[in-house]
Structures are given as C-alpha cells and as structure tokens.
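Note sheet for the following structure.
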Amino acid sequence: IVVTAVSNGANLNDGMDGMCAGNSAIIGVAIGILAYVSSHIQFAAYLNIMYIPGSEELVVFMCAFIGALIGFLWYNAFPAQVFMGDTGSLALGGAVAAAAIGSHTELLLVIIGGVYVLETLSVIIQVTYFKLTGGKRVFRMTPIHHHFELGGLSGHGKPWSEWRVDVFFWSISLLGSILALVIY
C-alpha cells in the first residue's frame with residue numbers, strides 16, 4: 001500500500017520542470033537523516049528512537065538517490081531539456097517508499113511527503129466534487145500545482161511561473177521534512 005500510494009503521489013507531482021525531482025531530493029534528505037540517526041546505537045539511545053541495525057546502507061542509497069536527482073535537476077529545471085515521464089516519477093516514488101519502509105518511517109512519510117499527499121488529495125477532491133455536482137470544480141486544474149500555475153494561491157490572481165510554483169512546492173517539502181525530523 002505504501003509503495004503504491006507514494007509512487008502514484010510522485011507521479012501526480014510530476015508535471016512541471018523540476019517539480020518531482022526537487023521534492024523527491026528533499027524527501028530523500030529527510031529519510032537519509034532518519035536512517036543515519038537510526039543506524040547508530042548511541043544516537044538512537046540518546047534520542048530515544050528505534051535502533052535499526054544495518055540501516056546505514058539506506059544512507060548510502062539515499063545519498064546516491066539525492067546525487068542523481070540533483071544531476072537530473074541540472075537538465076530538467078525550467079526550461080527542461082530532459083523529461084522524466086511516468087517511468088521516472090513512479091520509480092522515484094518507489095525508491096522513496098522503499099527507503100521509508102527500510103527505515104521504519106512509513107507513518108512519518110505522510111508528513112515528509114506531504115506534497116505527494118496534497119497532490120493526491122487535490123485530484124481526489126476534484127474528481128469527487130466534479131461527479132457529485134455535475135461538472136463544477138473546486139480547483140481550476142488538478143493536480144494542485146497546475147491550480148497555482150493558473151492563478152496563484154487564490155486561483156483567481158495572476159498566474160505563477162513554473163519556477164515560482166516549483167520553489168513554492170519545494171518549500172512545502174522542506175517544511176514537512178523539518179517538521180518530521182523534529183517530531184521523530
């Protein structure tokens with residue numbers, strides 16, 4: 001369930017140049033930190049968290065994951081020269097989910113990957129409302145990053161550039177990751 005949910009959330013998040021890669025890199029940093037802290041018995045005992053023997057291997061994986069995403073962002077930031085597509089975004093979501101399962105942080109993934117949750121909920125809300133009201137919409141377009149692209153926070157203002165929407169959603173990912181690290 002976790003792999004399917006996170007993969008689909010990442011797939012919905014992919015739709016603008018650099019959006020999914022940037023969010024996944026930030027999420028990867030948070031999961032890497034959690035895996036690192038859990039891999040050391042002294043840190044785990046001091047912070048009163050679960051010690052997970054062997055989770056230092058996840059740190060190596062997450063470092064490679066983050067490095068690959070930063071390299072990809074170089075060519076995928078607006079205007080994109082290379083596109084990820086469904087195959088790439090589903091794989092990113094699967095990698096994030098696998099790392100969260102390996103570090104026993106599946107429940108924290110709701111906060112760390114809050115952007116994925118928001119994107120998925122926006123689509124669910126839009127489709128449900130559209131069907132119940134016979135064609136009315138809550139958002140101008142879903143996933144919700146397109147709503148921001150078309151009209152800012154209110155949906156009725158001046159359209160936002162792709163870069164501004166990317167940075168806004170990266171900021172949400174960063175805040176969610178920091179919150180999860182504080183909670184953990």
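By order of appearance in the structure tokens: chains A, B, ..., then residues from 1 within every chain, and ligands from 1 in the order shown.
Excluding Val60 (chain A) itself and same-chain residues fewer than 5 positions from it, the residues having an atom within 10 Å of it are A:Gly32, A:Ala35, A:Tyr36, A:Ser55, A:Phe65, A:Ile66, counting only C-alpha atoms.
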Query raised in the report: In terms of the shortest atom-to-atom distance over only C-alpha atoms, which of A:Gly28, A:Pro159, A:Gly88, A:Pro79 is closest to His145 (chain A)?
Result: A:Pro159
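The environment of region 175-179 of chain A within 8 Å, counting only C-alpha atoms and disregarding residues fewer than 5 places along the same chain, consists of A:Ile26, A:Ile27, A:Ala30, A:Ile111, A:Ile112, A:Gly113, A:Gly114.
Across the structure, CA of Gln81 (chain A) and CA of Gly18 (chain A) are spaced 10.8 Å apart.
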